[in-house]
2 protein chains.
Amino acid sequence: MTLLSGPPRVVAVGAAMFADSLAAQAVPVQQVDWRPPLGDEGVETDLARVLADPRLATANATAVGRLLAAGAELVDVRPASEALGLARGSFLHAGPPISWDRASGPMRGALIGAMLLEGLAATPEEAEKSLASGTGLSWEPCHHHRTVGPMAGVVSPSMWMFELRDPVHGGTAWCSLNEGLGKVLRYGAYGPEVIERLHWMSDVLGPLLQKAVRARESTPVDVKAIAAQMLQMGDEGHNRNRAGTLMFLRELLPTLIDSGAPSSDVAEAAKFIGGNDHFFLNLGMPACKLACDAARDVPGSSLVVAMARNGTDFGIQVSGTGDRWFTGPANTPEGLYLGAFGPEDANPDIGDSAITETGGIGGFAMAAAPAIVRFVGGEVGDAIEATRLMYEVTLAENPTYQIPVLGFRGSPTGIDVTLVTRTGILPHINTGMAGKVAGTGQVGAGLVNPPASIFPDAVAALAELAPPLG
Amino acid sequence: MTLLSGPPRVVAVGAAMFADSLAAQAVPVQQVDWRPPLGDEGVETDLARVLADPRLATANATAVGRLLAAGAELVDVRPASEALGLARGSFLHAGPPISWDRASGPMRGALIGAMLLEGLAATPEEAEKSLASGTGLSWEPCHHHRTVGPMAGVVSPSMWMFELRDPVHGGTAWCSLNEGLGKVLRYGAYGPEVIERLHWMSDVLGPLLQKAVRARESTPVDVKAIAAQMLQMGDEGHNRNRAGTLMFLRELLPTLIDSGAPSSDVAEAAKFIGGNDHFFLNLGMPACKLACDAARDVPGSSLVVAMARNGTDFGIQVSGTGDRWFTGPANTPEGLYLGAFGPEDANPDIGDSAITETGGIGGFAMAAAPAIVRFVGGEVGDAIEATRLMYEVTLAENPTYQIPVLGFRGSPTGIDVTLVTRTGILPHINTGMAGKVAGTGQVGAGLVNPPASIFPDAVAALAELAPPLG
């Protein structure tokens with residue numbers, strides 16, 4: 001395990017050709033565009049105080065050590081009402097807390113869809129009116145309930161959830177089942193076909209998966225092992241989950257076929273899962289959530305344990321500052337668009353799926369997935385460079401998540417807010433793009449960065465908690 | 001389609017650092033270790049005559065154009081007795097023709113196993129005695145029957161075969177079903193567990209696959225499309241077929257589940273296929289066979305249309321010289337060994353699986369599969385370099401088989417015996433290694449080259465068929 005150490009780093013400022021050549025020859029050099037530190041004048045004092053905190057090195061070693069050590073096994077599939085005790089009229093959503101009046105189109109669309117699914121409204125208009133008044137309804141971040149949700153991340157009581165457990169630290173995390181791409185609830189669509197699919201998922205798919213997962217109680221599916229293998233097969237685990245989905249299907253199918261369920265249902269489920277290259281995303285996300293949760297609440301640690309977006313705000317949480325969110329306005333991703341959609345159709349960044357980058361895969365492991373540039377844009381060299389740059393702002397190289405083309409180097413894992421603030425290098429996030437008008441669905445996929453201000457904000461909060469200087 | 005043209009090639013002799021840097025920056029440079037041309041003094045006259053043949057350029061363009069254009073659809077699964085008219089006592093085997101007295105251990109072992117499977121002998125000793133006498137028995141190369149067989153490649157009448165069709169040129173090709181790794185017939189093992197597995201494959205797996213494949217008659221599985229996708233997922237199609245196998249499983253499973261067959265059989269088949277990362281090899285091989293067969297018999301063409309090994313001899317066939325084999329002693333692969341096996345246990349190169357390299361994948365597409373070095377040995381850089389070098393001896397870049405890490409450059413496809421002879425660069429082949437003692441099974445996996453002499457031999461034969469000089 002390479003942790004907080006390893007061979008000396010060569011940091012090359014400016015001379016890109018030189019750095020590229022060395023790097024291509026597997027010399028661990030990092031090309032750093034020189035940029036000023038983030039934040040205003042006060043940031044240097046804050047940084048000095050945090051870096052002088054005698055707890056820092058040990059706290060970060062502890063936190064990132066837990067993150068790397070966490071396991072992830074699929075132990076159950078059950079409805080949110082049961083798994084999370086979610087009551088009628090209660091919803092979860094992606095990102096930091098958000099009120100209806102500040103909620104973006106796709107967040108509103110997904111909540112409208114969830115109202116329809118739960119029979120709390122007969123029409124979208126009625127749902128919208130109820131949500132705006134808020135009477136008898138409530139919504140909270142998924143992250144406040146050990147849950148993660150891609151895109152709008154809306155969870156309602158009747159949705160079925162994957163339940164994962166970390167056998168090392170004992171944590172539990174949940175995520176809904178992936179609906180596919182295009183017109184789907186998590187992208188803010190709520191048309192009849194969306195609701196119908198969700199009903200089938202609750203009535204057929206969820207119970208089937210439950211049967212298979214429970215039948216494997218003594219040998220649960222090792223989600224972390226699949227995530228590790230998918231990086232050897234061209235996936236990065238956020239926007240490319242093709243191999244992961246196939247391996248999950250392979251793991252579960254024999255049990256599913258032998259479950260005694262009607263073979264037409266099993267065939268339909270196999271077709272649904274096999275036909276959705278993103279199905280594994282909703283398993284990889286809670287696996288990363290387990291790892292990040294294991295690293296929470298280490299006093300003095302500057303490790304990021306959550307990056308999450310609600311479509312309006314981008315928020316991070318940091319190990320040493322508990323459950324506090326540091327938020328700023330979400331940027332709009334840039335990338336490739338579906339059909340006739342263009343940049344003007346895209347909503348700002350949304351979803352808890354940046355938990356993959358927080359856990360060291362996704363945009364941080366793009367070098368493992370060169371073919372992803374066909375989905376998010378850019379050149380193969382950009383994908384490799386994106387991963388290389390992330391070593392500058394992370395605390396460790398992940399011994400489980402290895403990148404073949406970098407000579408099996410561990411993926412850059414464990415974002416440190418002090419490193420981000422000092423270098424000005426922002427985390428790379430691969431993401432889907434939702435249409436900004438409620439009801440639209442997906443419009444594309446691309447790349448995005450968090451707003452710069454949230455990292456010095458987190459440093460300032462750590463500084464307040466650090467012992468006084470001198 | 002890049003065919004016989006494209007941007008000018010930079011050929012760098014010697015200065016490796018320079019070439020590596022350029023290449024890493026996606027400049028299409030090839031590093032060529034300078035080496036003398038292959039063959040003895042006569043080779044220059046032969047080469048001159050072949051290169052002066054006015055038919056050469058057009059013949060090669062035609063031949064490689066056919067190779068690139070060929071499709072591959074899975075149209076049936078049925079026993080060899082029916083598909084190939086193989087009669088009791090008749091066998092097929094890998095590589096060029098071979099007599100019992102010259103046959104290697106694994107070839108003998110596989111023939112012994114086939115005798116036991118067919119009930120032509122009660123014990124291995126009895127089988128061996130019959131095979132040595134030859135009475136009432138016969139064996140011919142798979143390649144003489146539009147068939148390819150991995151490793152020993154032994155086919156007997158009761159074995160079930162994949163039947164693939166090329167919808168573009170109308171060709172048909174066959175290959176047996178893959179048994180998995182370790183102690184298996186194709187590696188020369190013939191113990192009771194080997195024969196028992198083959199019986200299950202004939203009794204259960206074959207008929208099940210037949211049902212599913214025939215149910216998809218109007219939308220046959222597109223094997224070439226899967227092969228193209230697997231190169232985007234870390235497979236090279238010879239020694240790594242993990243993603244290909246999973247995609248094939250996904251394609252066929254819904255039909256299989258819905259086939260009305262007992263669900264325990266379907267579950268067992270799903271487990272068998274899913275548990276054998278090499279299952280797709282026996283589909284990729286006949287897909288490449290179809291492509292290579294489409295390129296046969298173009299007068300004047302110096303394109304290699306088959307490379308095949310019987311464990312004793314390595315043979316090639318060339319488009320312009322019909323069915324003639326050019327053979328030389330098979331080399332012994334070098335790589336990684338299973339368990340306690342070592343180099344002294346390995347048999348010389350064996351199998352028709354080099355049809356993958358002949359078709360532009362396998363060792364020619366190693367850059368698409370950096371993780372393969374964990375199976376065959378070497379470093380990631382070697383895998384990328386292996387592919388780069390193959391552009392020097394091939395006629396085209398395959399528009400279907402693209403290599404992400406090389407910026408989606410088409411894989412080097414279409415070996416030209418004149419280019420091999422002139423440059424001294426021998427084709428790279430990824431391969432399994434069989435134990436040299438009959439009955440052992442697999443001992444490892446690694447890399448191997450053909451014997452150098454067969455390329456100038458083919459050039460000499462082309463020269464004889466070319467118009468006289470001057």
# chains A, B, ... in the order shown; residues from 1 in each chain; ligands from 1
call {"tool": "residues_around", "arguments": {"residues": "Ala114 of chain A", "least_positions_apart": "2", "cutoff": "12 Å", "atoms": "only C-alpha atoms", "output": "PyMOL selection string"}}
result
chain A and resi 88-93+107-112+116-124+127-128+131+137+139+152-159+184-186+188-192+194-196+198-199
call {"tool": "write_last_selection", "arguments": {"atoms": "C-alpha atoms", "output": "PDB file, in the first residue's frame"}}
result
ATOM      1  CA  ARG A  88     -45.129   8.488   3.275  1.00  0.00           C
ATOM      2  CA  GLY A  89     -44.502  12.076   2.186  1.00  0.00           C
ATOM      3  CA  SER A  90     -40.781  11.894   2.993  1.00  0.00           C
ATOM      4  CA  PHE A  91     -38.136  11.954   0.284  1.00  0.00           C
ATOM      5  CA  LEU A  92     -34.371  11.928   0.021  1.00  0.00           C
ATOM      6  CA  HIS A  93     -32.442  13.890  -2.611  1.00  0.00           C
ATOM      7  CA  MET A 107     -34.614  18.251  -8.870  1.00  0.00           C
ATOM      8  CA  ARG A 108     -38.177  19.536  -9.102  1.00  0.00           C
ATOM      9  CA  GLY A 109     -38.974  17.103 -11.889  1.00  0.00           C
ATOM     10  CA  ALA A 110     -37.722  14.126  -9.897  1.00  0.00           C
ATOM     11  CA  LEU A 111     -39.686  15.159  -6.798  1.00  0.00           C
ATOM     12  CA  ILE A 112     -42.809  15.567  -8.973  1.00  0.00           C
ATOM     13  CA  LEU A 116     -46.822  10.566  -8.783  1.00  0.00           C
ATOM     14  CA  LEU A 117     -45.142   7.226  -8.058  1.00  0.00           C
ATOM     15  CA  GLU A 118     -46.278   7.299  -4.437  1.00  0.00           C
ATOM     16  CA  GLY A 119     -49.831   8.299  -5.386  1.00  0.00           C
ATOM     17  CA  LEU A 120     -49.482  11.595  -3.503  1.00  0.00           C
ATOM     18  CA  ALA A 121     -50.657  13.529  -6.554  1.00  0.00           C
ATOM     19  CA  ALA A 122     -52.687  12.642  -9.626  1.00  0.00           C
ATOM     20  CA  THR A 123     -51.036  15.111 -12.019  1.00  0.00           C
ATOM     21  CA  PRO A 124     -47.663  16.856 -12.274  1.00  0.00           C
ATOM     22  CA  ALA A 127     -47.646  17.497  -7.336  1.00  0.00           C
ATOM     23  CA  GLU A 128     -45.878  20.757  -8.013  1.00  0.00           C
ATOM     24  CA  LEU A 131     -44.331  20.494  -3.168  1.00  0.00           C
ATOM     25  CA  LEU A 137     -44.029  16.723   2.808  1.00  0.00           C
ATOM     26  CA  TRP A 139     -37.062  16.099   1.871  1.00  0.00           C
ATOM     27  CA  ALA A 152     -31.450  14.253  -8.593  1.00  0.00           C
ATOM     28  CA  GLY A 153     -31.025  11.254  -6.295  1.00  0.00           C
ATOM     29  CA  VAL A 154     -34.665  11.320  -5.255  1.00  0.00           C
ATOM     30  CA  VAL A 155     -35.684   8.348  -3.115  1.00  0.00           C
ATOM     31  CA  SER A 156     -39.292   7.724  -2.085  1.00  0.00           C
ATOM     32  CA  PRO A 157     -40.611   5.046   0.296  1.00  0.00           C
ATOM     33  CA  SER A 158     -41.641   2.503  -2.350  1.00  0.00           C
ATOM     34  CA  MET A 159     -38.338   2.543  -4.256  1.00  0.00           C
ATOM     35  CA  VAL A 184     -35.636   8.636 -16.289  1.00  0.00           C
ATOM     36  CA  LEU A 185     -36.634  10.074 -12.937  1.00  0.00           C
ATOM     37  CA  ARG A 186     -33.137  10.799 -11.696  1.00  0.00           C
ATOM     38  CA  GLY A 188     -35.864  14.940 -13.823  1.00  0.00           C
ATOM     39  CA  ALA A 189     -38.260  13.164 -16.205  1.00  0.00           C
ATOM     40  CA  TYR A 190     -41.672  12.120 -14.844  1.00  0.00           C
ATOM     41  CA  GLY A 191     -43.747  11.054 -17.856  1.00  0.00           C
ATOM     42  CA  PRO A 192     -45.972   7.952 -17.779  1.00  0.00           C
ATOM     43  CA  VAL A 194     -40.927   6.807 -16.266  1.00  0.00           C
ATOM     44  CA  ILE A 195     -43.530   6.004 -13.602  1.00  0.00           C
ATOM     45  CA  GLU A 196     -44.435   2.720 -15.277  1.00  0.00           C
ATOM     46  CA  LEU A 198     -40.446   2.518 -11.617  1.00  0.00           C
ATOM     47  CA  HIS A 199     -43.536   0.455 -10.814  1.00  0.00           C
TER      48      HIS A 199
END
call {"tool": "interface_residues", "arguments": {"of": "chain B", "to": "chain A", "cutoff": "9 Å", "atoms": "only C-alpha atoms", "output": "MDAnalysis selection string"}}
result
chainID B and resid 17 20:22 24:26 230 232:235 242:243 246:247 249:251 253:260 263:264 266:271 274:275 369:371 379:381 403:408
call {"tool": "residues_around", "arguments": {"residues": "Ser411 of chain A", "least_positions_apart": "3", "cutoff": "10 Å", "atoms": "only C-alpha atoms", "output": "PyMOL selection string"}}
result
chain A and resi 231+359-362+364-368+387-388+390-391+394+396-403+406+408+414
call {"tool": "atom_distance", "arguments": {"atom1": "atom CA of Asn310 of chain B", "atom2": "atom CA of Pro141 of chain B"}}
result
8.8 Å
call {"tool": "residues_around", "arguments": {"residues": "Leu67 of chain A", "least_positions_apart": "6", "cutoff": "8 Å", "atoms": "only C-alpha atoms", "output": "PyMOL selection string"}}
result
chain A and resi 291-295+359+414
call {"tool": "residues_around", "arguments": {"residues": "Gly432 of chain A", "least_positions_apart": "2", "cutoff": "8 Å", "atoms": "only C-alpha atoms", "output": "number ranges by chain"}}
result
A: 151, 239, 430, 434, 442, 444-446
call {"tool": "select_by_dssp", "arguments": {"residues": "segment 141-172 of chain B", "states": "strand (DSSP E)", "output": "compact mmCIF listing (two decimals) with C-alpha atoms, in the first residue's frame"}}
result
# COMPACT_ATOMS: atom_id res chain seq x y z
CA PRO B 141 -6.10 -30.07 -40.00
CA TRP B 160 -20.68 -29.42 -30.54
CA MET B 161 -19.51 -26.59 -32.77
CA PHE B 162 -20.24 -22.89 -33.09
CA GLU B 163 -21.22 -22.17 -36.69
CA LEU B 164 -20.51 -18.65 -37.89
CA ARG B 165 -21.40 -17.05 -41.19
CA THR B 172 -18.92 -20.32 -43.01
call {"tool": "select_by_dssp", "arguments": {"residues": "segment 6-213 of chain B", "states": "alpha helix (DSSP H)", "output": "VMD selection string"}}
result
chain B and resid 16 to 24 43 to 51 56 to 69 80 to 83 105 to 117 124 to 133 192 to 200 206 to 213
